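Colleague: Contents of input.cif (mmCIF, C-alpha atoms and all ligand atoms) are below:
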data_input
loop_
_atom_site.label_atom_id
_atom_site.label_comp_id
_atom_site.auth_asym_id
_atom_site.auth_seq_id
_atom_site.Cartn_x
_atom_site.Cartn_y
_atom_site.Cartn_z
CA MET A 11 -0.66 -23.80 3.45
CA ALA A 12 -2.35 -20.62 2.29
CA ILE A 13 -2.82 -18.87 -1.06
CA TYR A 14 -1.99 -15.15 -1.07
CA ALA A 15 -2.18 -12.46 -3.73
CA VAL A 16 0.65 -9.92 -3.47
CA THR A 17 0.69 -6.75 -5.58
CA GLY A 18 3.96 -4.96 -6.22
CA SER A 19 5.64 -8.36 -5.91
CA ALA A 20 8.52 -7.52 -8.30
CA SER A 21 10.32 -5.01 -6.07
CA GLY A 22 10.93 -3.65 -2.60
CA MET A 23 8.59 -4.55 0.21
CA GLY A 24 6.06 -6.43 -1.96
CA ARG A 25 8.86 -8.62 -3.24
CA ALA A 26 10.28 -9.19 0.26
CA ALA A 27 6.79 -10.12 1.53
CA ALA A 28 6.23 -12.53 -1.38
CA ASP A 29 9.67 -14.13 -0.81
CA ARG A 30 8.98 -14.56 2.90
CA LEU A 31 5.53 -16.09 2.37
CA ARG A 32 6.90 -18.49 -0.26
CA ALA A 33 9.76 -19.48 2.05
CA ALA A 34 7.15 -20.35 4.69
CA GLY A 35 5.53 -22.73 2.19
CA HIS A 36 2.61 -20.60 1.03
CA THR A 37 1.51 -20.09 -2.57
CA VAL A 38 1.92 -16.51 -3.75
CA ILE A 39 0.23 -15.06 -6.84
CA GLY A 40 2.30 -11.98 -7.55
CA VAL A 41 0.85 -9.04 -9.49
CA ASP A 42 3.11 -6.44 -11.07
CA LEU A 43 4.13 -4.76 -14.32
CA ARG A 44 6.90 -7.36 -14.77
CA ASP A 45 8.42 -10.47 -13.15
CA ALA A 46 5.15 -11.68 -11.64
CA GLU A 47 2.62 -14.50 -12.08
CA VAL A 48 0.07 -11.89 -13.17
CA ILE A 49 1.36 -9.06 -15.34
CA ALA A 50 -1.07 -6.16 -15.06
CA ASP A 51 -1.05 -2.39 -15.09
CA LEU A 52 -2.88 -1.26 -11.97
CA SER A 53 -2.98 2.36 -13.18
CA THR A 54 -5.99 1.72 -15.45
CA PRO A 55 -9.48 0.32 -14.77
CA GLU A 56 -8.93 -2.34 -17.50
CA GLY A 57 -5.59 -3.37 -15.97
CA ARG A 58 -7.17 -3.66 -12.55
CA ARG A 59 -10.07 -5.75 -13.91
CA ALA A 60 -7.56 -8.03 -15.67
CA ALA A 61 -5.60 -8.43 -12.43
CA ILE A 62 -8.75 -9.29 -10.47
CA THR A 63 -9.79 -11.93 -13.00
CA ALA A 64 -6.35 -13.48 -13.42
CA VAL A 65 -5.77 -13.80 -9.67
CA LEU A 66 -9.19 -15.39 -9.15
CA ALA A 67 -8.49 -17.82 -12.00
CA ALA A 68 -5.13 -18.78 -10.47
CA ALA A 69 -6.36 -18.99 -6.87
CA GLY A 70 -9.46 -21.07 -7.44
CA PRO A 71 -12.53 -20.56 -5.25
CA ARG A 72 -10.73 -19.16 -2.20
CA LEU A 73 -8.07 -16.61 -1.43
CA ASP A 74 -6.62 -16.83 2.09
CA GLY A 75 -5.28 -13.32 2.06
CA ALA A 76 -3.76 -10.44 0.14
CA VAL A 77 -0.91 -7.97 0.45
CA LEU A 78 -1.40 -4.73 -1.47
CA ALA A 79 2.05 -3.21 -1.88
CA ALA A 80 2.04 -1.82 -5.44
CA GLY A 81 2.55 1.92 -5.32
CA LEU A 82 4.52 4.94 -6.47
CA GLY A 83 6.29 7.54 -4.36
CA PRO A 84 5.96 11.30 -4.79
CA GLY A 85 7.11 12.79 -8.09
CA LYS A 86 6.44 15.61 -10.52
CA GLY A 87 4.33 16.12 -13.62
CA ASP A 88 0.70 15.48 -14.50
CA GLU A 89 1.23 11.86 -15.57
CA ARG A 90 3.10 11.03 -12.37
CA LEU A 91 0.34 12.56 -10.23
CA ARG A 92 -2.24 10.49 -12.12
CA LEU A 93 -0.22 7.30 -11.60
CA ILE A 94 0.17 7.90 -7.86
CA ALA A 95 -3.58 8.38 -7.50
CA GLU A 96 -4.54 5.44 -9.71
CA VAL A 97 -2.10 2.82 -8.40
CA ASN A 98 -1.85 3.76 -4.71
CA TYR A 99 -5.57 4.20 -4.02
CA PHE A 100 -7.66 2.62 -6.79
CA GLY A 101 -5.11 -0.15 -7.42
CA THR A 102 -5.73 -1.26 -3.83
CA VAL A 103 -9.43 -0.58 -3.21
CA GLU A 104 -10.75 -1.95 -6.53
CA LEU A 105 -8.66 -5.13 -6.29
CA LEU A 106 -9.88 -5.85 -2.78
CA GLU A 107 -13.49 -5.25 -3.79
CA GLY A 108 -12.99 -7.61 -6.74
CA TRP A 109 -11.45 -10.30 -4.53
CA ARG A 110 -13.87 -9.90 -1.61
CA GLU A 111 -15.98 -12.98 -2.37
CA ALA A 112 -12.94 -15.23 -2.73
CA LEU A 113 -11.52 -13.80 0.52
CA ALA A 114 -14.87 -14.46 2.23
CA ALA A 115 -14.81 -18.03 0.95
CA ALA A 116 -11.60 -18.63 2.91
CA GLY A 117 -13.50 -18.05 6.18
CA GLY A 118 -10.88 -16.03 8.06
CA ALA A 119 -8.85 -14.26 5.37
CA LYS A 120 -6.38 -11.53 6.29
CA VAL A 121 -5.38 -8.50 4.23
CA VAL A 122 -2.41 -6.16 4.67
CA ILE A 123 -2.62 -2.84 2.85
CA PHE A 124 0.50 -0.72 2.38
CA SER A 125 -0.17 2.74 3.74
CA SER A 126 2.63 5.09 4.83
CA ASN A 127 3.69 7.19 7.80
CA SER A 128 3.07 10.14 5.46
CA THR A 129 -0.53 9.69 6.67
CA THR A 130 0.51 11.23 9.98
CA THR A 131 3.68 13.20 9.16
CA VAL A 132 2.71 15.21 6.05
CA PRO A 133 0.93 18.26 7.43
CA LEU A 134 -2.23 19.88 6.11
CA VAL A 135 -3.30 17.51 3.37
CA SER A 136 -6.59 19.03 2.22
CA SER A 137 -9.79 17.26 3.23
CA ARG A 138 -10.93 18.00 -0.36
CA THR A 139 -8.23 15.63 -1.65
CA ILE A 140 -9.16 12.85 0.76
CA ARG A 141 -12.90 13.23 0.12
CA ALA A 142 -12.31 13.11 -3.65
CA PHE A 143 -10.43 9.80 -3.35
CA LEU A 144 -13.11 8.28 -1.16
CA LYS A 145 -15.80 9.35 -3.66
CA GLY A 146 -13.82 7.75 -6.51
CA ASP A 147 -13.12 11.12 -8.18
CA ARG A 148 -9.48 10.66 -9.25
CA ALA A 149 -9.41 13.85 -11.38
CA LYS A 150 -10.56 16.00 -8.46
CA ALA A 151 -8.17 14.26 -6.04
CA VAL A 152 -5.24 15.30 -8.25
CA ALA A 153 -6.63 18.75 -9.20
CA SER A 154 -7.15 19.62 -5.52
CA THR A 155 -3.35 19.62 -5.00
CA LYS A 156 -2.45 21.83 -7.98
CA LEU A 157 -1.97 24.96 -5.87
CA MET A 158 0.92 23.16 -4.16
CA GLY A 159 2.97 23.55 -7.37
CA ASP A 160 6.11 21.39 -7.38
CA ASN A 161 5.06 19.87 -4.05
CA ALA A 162 1.77 18.53 -5.43
CA GLY A 163 3.23 15.01 -5.70
CA ALA A 164 3.83 14.83 -1.94
CA PHE A 165 0.21 15.86 -1.32
CA VAL A 166 -1.33 13.45 -3.85
CA TYR A 167 0.85 10.73 -2.31
CA ALA A 168 -0.06 11.49 1.31
CA GLY A 169 -3.70 12.06 0.29
CA SER A 170 -3.83 8.68 -1.46
CA LYS A 171 -2.49 6.93 1.64
CA ILE A 172 -4.73 8.82 4.11
CA ALA A 173 -7.77 7.97 1.96
CA LEU A 174 -6.61 4.34 1.74
CA THR A 175 -6.30 4.02 5.50
CA ARG A 176 -9.66 5.72 6.00
CA TRP A 177 -11.28 3.38 3.43
CA MET A 178 -9.67 0.41 5.17
CA ARG A 179 -10.84 1.42 8.65
CA ARG A 180 -14.40 2.09 7.48
CA ALA A 181 -14.62 -1.16 5.52
CA ALA A 182 -12.86 -3.26 8.19
CA VAL A 183 -15.80 -3.08 10.59
CA ARG A 184 -18.57 -3.51 8.02
CA ALA A 185 -20.53 -6.75 7.67
CA GLU A 186 -19.23 -7.49 4.13
CA TRP A 187 -15.70 -7.68 5.49
CA ILE A 188 -15.42 -8.61 9.17
CA GLY A 189 -18.85 -10.27 9.00
CA ALA A 190 -17.30 -12.57 6.41
CA GLY A 191 -14.25 -13.14 8.63
CA ILE A 192 -11.96 -10.90 6.55
CA ARG A 193 -9.50 -8.88 8.65
CA LEU A 194 -8.40 -5.67 6.95
CA ASN A 195 -5.34 -3.92 8.39
CA ALA A 196 -2.59 -1.62 7.15
CA VAL A 197 1.13 -1.35 7.69
CA ALA A 198 2.46 2.21 7.54
CA PRO A 199 6.20 2.13 6.87
CA GLY A 200 8.49 5.08 7.30
CA ALA A 201 11.68 5.43 5.26
CA ILE A 202 12.48 1.92 4.01
CA LEU A 203 15.45 1.42 1.70
CA THR A 204 13.78 0.09 -1.45
CA PRO A 205 14.17 1.14 -5.13
CA LEU A 206 11.35 3.66 -4.48
CA LEU A 207 13.30 5.41 -1.70
CA GLN A 208 16.61 4.99 -3.56
CA ALA A 209 15.16 6.93 -6.51
CA GLN A 210 14.35 9.81 -4.16
CA LEU A 211 17.86 9.66 -2.65
CA ASP A 212 19.37 9.72 -6.15
CA ASP A 213 17.41 12.84 -7.11
CA PRO A 214 19.27 15.97 -5.93
CA GLU A 215 15.93 17.77 -5.57
CA THR A 216 14.57 15.29 -3.03
CA ALA A 217 17.69 13.76 -1.45
CA GLY A 218 18.10 16.56 1.13
CA ALA A 219 14.54 16.23 2.40
CA ILE A 220 14.85 12.44 2.75
CA GLU A 221 18.23 12.60 4.46
CA SER A 222 17.12 15.26 6.95
CA PHE A 223 13.78 13.59 7.78
CA PRO A 224 14.08 12.62 11.46
CA VAL A 225 14.40 8.88 12.18
CA PRO A 226 15.12 8.53 15.93
CA ALA A 227 16.27 4.90 15.48
CA GLY A 228 18.72 6.09 12.79
CA GLY A 229 19.16 4.98 9.19
CA PHE A 230 16.47 3.37 7.08
CA GLY A 231 14.27 0.33 7.56
CA THR A 232 14.68 -2.79 5.42
CA PRO A 233 12.14 -4.47 3.11
CA GLU A 234 12.84 -7.75 4.95
CA GLY A 235 11.99 -6.14 8.30
CA ILE A 236 8.61 -4.97 6.96
CA ALA A 237 8.00 -8.39 5.37
CA ALA A 238 8.27 -9.94 8.84
CA TRP A 239 5.49 -7.59 10.03
CA VAL A 240 3.37 -8.55 7.02
CA GLU A 241 3.77 -12.26 7.77
CA PHE A 242 2.83 -11.62 11.41
CA MET A 243 -0.26 -9.62 10.36
CA LEU A 244 -1.36 -12.56 8.17
CA SER A 245 -0.76 -15.13 10.91
CA PRO A 246 -3.16 -16.51 13.56
CA ALA A 247 -1.39 -14.24 16.09
CA ALA A 248 -3.22 -11.34 14.37
CA ASP A 249 -6.73 -12.82 14.67
CA PHE A 250 -7.81 -9.94 16.94
CA LEU A 251 -6.27 -7.20 14.73
CA VAL A 252 -9.00 -5.43 12.74
CA GLY A 253 -8.90 -2.00 11.11
CA SER A 254 -5.52 -1.08 12.58
CA GLN A 255 -2.72 0.89 10.97
CA ILE A 256 0.62 -0.34 12.32
CA ILE A 257 3.29 2.35 11.98
CA VAL A 258 6.81 0.92 11.54
CA ASP A 259 9.02 3.96 11.02
CA GLY A 260 11.95 4.04 13.44
CA GLY A 261 10.18 6.63 15.58
CA THR A 262 9.44 9.41 13.05
CA ASP A 263 5.72 9.53 13.86
CA ALA A 264 6.42 9.57 17.62
CA TYR A 265 9.02 12.32 17.10
CA PHE A 266 6.51 14.62 15.38
CA ARG A 267 3.40 13.65 17.33
CA SER A 268 4.46 12.41 20.77
CA ASP A 269 1.19 13.49 22.38
CA ASP A 270 -1.19 12.43 19.59
CA TRP A 271 -2.26 8.80 19.53
P1 LIG B 1 9.06 -0.31 -5.02
O1 LIG B 1 9.12 0.77 -6.05
O2 LIG B 1 10.30 -1.02 -4.67
O3 LIG B 1 7.95 -1.38 -5.41
C1 LIG B 1 6.68 -0.98 -5.87
C2 LIG B 1 6.18 -2.01 -6.87
O4 LIG B 1 4.91 -1.53 -7.36
C3 LIG B 1 7.11 -2.19 -8.09
O5 LIG B 1 7.40 -3.56 -8.30
C4 LIG B 1 6.31 -1.61 -9.22
O6 LIG B 1 6.54 -2.23 -10.49
C5 LIG B 1 4.86 -1.83 -8.74
N1 LIG B 1 3.98 -0.95 -9.49
C6 LIG B 1 4.11 0.39 -9.69
N2 LIG B 1 3.20 0.82 -10.57
C7 LIG B 1 2.46 -0.27 -10.95
C8 LIG B 1 1.38 -0.45 -11.85
N3 LIG B 1 0.89 0.55 -12.58
N4 LIG B 1 0.87 -1.70 -11.97
C9 LIG B 1 1.38 -2.74 -11.26
N5 LIG B 1 2.40 -2.62 -10.40
C10 LIG B 1 2.94 -1.40 -10.25
O7 LIG B 1 8.39 0.41 -3.74
P2 LIG B 1 8.36 0.04 -2.18
O8 LIG B 1 9.16 1.07 -1.50
O9 LIG B 1 8.59 -1.40 -1.93
O10 LIG B 1 6.84 0.43 -1.86
C11 LIG B 1 5.83 -0.54 -1.56
C12 LIG B 1 4.66 0.21 -0.96
O11 LIG B 1 5.07 0.81 0.27
C13 LIG B 1 4.12 1.34 -1.83
O12 LIG B 1 2.72 1.36 -1.76
C14 LIG B 1 4.70 2.59 -1.19
O13 LIG B 1 3.89 3.71 -1.39
C15 LIG B 1 4.74 2.19 0.27
N6 LIG B 1 5.70 2.91 1.10
C16 LIG B 1 7.03 2.92 0.80
C17 LIG B 1 7.92 3.57 1.66
C18 LIG B 1 9.42 3.56 1.45
O14 LIG B 1 10.14 4.28 2.15
N7 LIG B 1 9.96 2.78 0.57
C19 LIG B 1 7.44 4.23 2.80
C20 LIG B 1 6.07 4.21 3.05
C21 LIG B 1 5.21 3.53 2.20
#
Mind turning the file's structure into structure tokens?
Ligand code: NAD

Modeller:
Amino acid sequence: MAIYAVTGSASGMGRAAADRLRAAGHTVIGVDLRDAEVIADLSTPEGRRAAITAVLAAAGPRLDGAVLAAGLGPGKGDERLRLIAEVNYFGTVELLEGWREALAAAGGAKVVIFSSNSTTTVPLVSSRTIRAFLKGDRAKAVASTKLMGDNAGAFVYAGSKIALTRWMRRAAVRAEWIGAGIRLNAVAPGAILTPLLQAQLDDPETAGAIESFPVPAGGFGTPEGIAAWVEFMLSPAADFLVGSQIIVDGGTDAYFRSDDW
């Protein structure tokens, strides 16, 4: 049985993934602000370093895989924009870099990063925002969206996920990762009914946009449904999956971009 680190394990899709992996007999080291084996704040460099160290201490010399689900949805205000940037992008990339040697030691580790279908459905995210994330310039990544006013949160969010997927695809094929047998892939959910989405549905300012967002399959996805994809992407059936972003969104991406693939 395998040992997996799962961030965002206290809620929503991270929790559903952790539950599913545990039910299959695996050991899960959850990382979250609460209700987890490792309590850590992934919005600060110190919190991320503490999470890296604590997971390595709990896992021992090898980590068979990781699921990076901690994240925040769009919101308003300077502090919220900072948190989205810090947790969604740096809270994924820095942890994976810190765990890389332990993942390599497993000789065939698999990693599932949580991206989003906002990577393909939020139009005109500035290349300045994405470049700033990839260069590690969190202040510039946030500042580059300021002209969007009250919509800045949606652009920091989509920018963080586009940069994450781009980082993942670049790293996936490099010797440090695939050369060490580590398969990096991303799942890109659409509207999944978790506490994150529920908060947006409960907010009169955002509810209309969520409810009118086209989902050809109808309704919302479930955390358990996405957890099944995560388990599959960690399984031997996914040995040939490298650097892919799997969109699971009830058809929203296909609706907007039928001819782009
Ligand atoms: P959720 O809010 O239910 O769970 C997110 C978890 O991340 C929570 O347990 C939270 O405590 C943790 N987290 C937040 N900030 C943290 C911090 N500073 N340090 C440590 N942990 C922190 O959300 P969810 O909907 O399950 O989202 C999981 C992932 O999927 C996120 O990355 C999100 O961006 C992405 N996503 C969600 C949706 C959706 O519709 N729900 C769609 C696309 C992508």

Colleague: I'd like the contact shell of Leu82 of chain A - 9 Å cut-off, all atoms listed in the file, skipping same-chain residues fewer than 5 positions apart - returned as a tab-separated table (two decimals) with C-alpha atoms, keeping the file's coordinate frame.

Modeller:
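New file result-v4.tsv:
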chain	number	residue	atom	x	y	z
A	90	ARG	CA	3.10	11.03	-12.37
A	93	LEU	CA	-0.22	7.30	-11.60
A	94	ILE	CA	0.17	7.90	-7.86
A	95	ALA	CA	-3.58	8.38	-7.50
A	97	VAL	CA	-2.10	2.82	-8.40
A	98	ASN	CA	-1.85	3.76	-4.71
A	167	TYR	CA	0.85	10.73	-2.31
A	206	LEU	CA	11.35	3.66	-4.48

Colleague: Could you work out an axis-aligned bounding box for all listed atoms of segment 242-254 of chain A, with 3 Å added on each of the six sides, and give its centre and edge lengths in Å to one decimal, as lines of an AutoDock Vina configuration file?

Modeller:
center_x = -3.1
center_y = -8.8
center_z = 12.6
size_x = 17.8
size_y = 21.4
size_z = 14.8

Colleague: Give me, please, the distance in Å between atom CA of Trp177 of chain A and atom CA of Leu194 of chain A, quoted to one decimal.

Modeller: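 Going from atom CA of Trp177 of chain A over to atom CA of Leu194 of chain A, I get 10.1 Å.
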
Colleague: When the cut-off is 8 Å and you count only C-alpha atoms and all ligand atoms, which residues lie near ligand LIG 1 (chain B), shown as an mmCIF file with C-alpha atoms, in the frame of the given file?

Modeller:
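Final output, saved to selection19.cif:
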data_model
loop_
_atom_site.group_PDB
_atom_site.id
_atom_site.type_symbol
_atom_site.label_atom_id
_atom_site.label_comp_id
_atom_site.auth_asym_id
_atom_site.auth_seq_id
_atom_site.Cartn_x
_atom_site.Cartn_y
_atom_site.Cartn_z
ATOM 1 C CA THR A 17 0.690 -6.750 -5.580
ATOM 2 C CA GLY A 18 3.960 -4.960 -6.220
ATOM 3 C CA SER A 19 5.640 -8.360 -5.910
ATOM 4 C CA ALA A 20 8.520 -7.520 -8.300
ATOM 5 C CA SER A 21 10.320 -5.010 -6.070
ATOM 6 C CA GLY A 22 10.930 -3.650 -2.600
ATOM 7 C CA MET A 23 8.590 -4.550 0.210
ATOM 8 C CA GLY A 24 6.060 -6.430 -1.960
ATOM 9 C CA ARG A 25 8.860 -8.620 -3.240
ATOM 10 C CA VAL A 41 0.850 -9.040 -9.490
ATOM 11 C CA ASP A 42 3.110 -6.440 -11.070
ATOM 12 C CA LEU A 43 4.130 -4.760 -14.320
ATOM 13 C CA ARG A 44 6.900 -7.360 -14.770
ATOM 14 C CA ILE A 49 1.360 -9.060 -15.340
ATOM 15 C CA ALA A 50 -1.070 -6.160 -15.060
ATOM 16 C CA ASP A 51 -1.050 -2.390 -15.090
ATOM 17 C CA LEU A 52 -2.880 -1.260 -11.970
ATOM 18 C CA SER A 53 -2.980 2.360 -13.180
ATOM 19 C CA THR A 54 -5.990 1.720 -15.450
ATOM 20 C CA GLY A 57 -5.590 -3.370 -15.970
ATOM 21 C CA LEU A 78 -1.400 -4.730 -1.470
ATOM 22 C CA ALA A 79 2.050 -3.210 -1.880
ATOM 23 C CA ALA A 80 2.040 -1.820 -5.440
ATOM 24 C CA GLY A 81 2.550 1.920 -5.320
ATOM 25 C CA LEU A 82 4.520 4.940 -6.470
ATOM 26 C CA GLY A 83 6.290 7.540 -4.360
ATOM 27 C CA LEU A 93 -0.220 7.300 -11.600
ATOM 28 C CA GLU A 96 -4.540 5.440 -9.710
ATOM 29 C CA VAL A 97 -2.100 2.820 -8.400
ATOM 30 C CA ASN A 98 -1.850 3.760 -4.710
ATOM 31 C CA GLY A 101 -5.110 -0.150 -7.420
ATOM 32 C CA PHE A 124 0.500 -0.720 2.380
ATOM 33 C CA SER A 125 -0.170 2.740 3.740
ATOM 34 C CA SER A 126 2.630 5.090 4.830
ATOM 35 C CA ASN A 127 3.690 7.190 7.800
ATOM 36 C CA SER A 128 3.070 10.140 5.460
ATOM 37 C CA TYR A 167 0.850 10.730 -2.310
ATOM 38 C CA LYS A 171 -2.490 6.930 1.640
ATOM 39 C CA ALA A 198 2.460 2.210 7.540
ATOM 40 C CA PRO A 199 6.200 2.130 6.870
ATOM 41 C CA GLY A 200 8.490 5.080 7.300
ATOM 42 C CA ALA A 201 11.680 5.430 5.260
ATOM 43 C CA ILE A 202 12.480 1.920 4.010
ATOM 44 C CA LEU A 203 15.450 1.420 1.700
ATOM 45 C CA THR A 204 13.780 0.090 -1.450
ATOM 46 C CA PRO A 205 14.170 1.140 -5.130
ATOM 47 C CA LEU A 206 11.350 3.660 -4.480
ATOM 48 C CA LEU A 207 13.300 5.410 -1.700
ATOM 49 C CA GLY A 231 14.270 0.330 7.560
ATOM 50 C CA PRO A 233 12.140 -4.470 3.110
#

Colleague: Quick one: distance from atom CA of Ala181 of chain A to atom CA of Ala164 of chain A in Å, one decimal?

Modeller: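 Interatomic distance, atom CA of Ala181 of chain A to atom CA of Ala164 of chain A: 25.5 Å.
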
Colleague: Tell me which of A:Ala112, A:Phe143, A:Glu241, A:Arg193 sits closest to Ala28 of chain A, counting all atoms listed in the file.

Modeller: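 Using all atoms listed in the file, Ala28 of chain A sits closest to A:Glu241.
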
Colleague: Which residue gives the smallest distance to Pro84 of chain A among A:Gly169, A:Gly189, A:Pro133, A:Gly146, with all atoms listed in the file counted?

Modeller: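 Closest to Pro84 of chain A, using all atoms listed in the file: A:Gly169.
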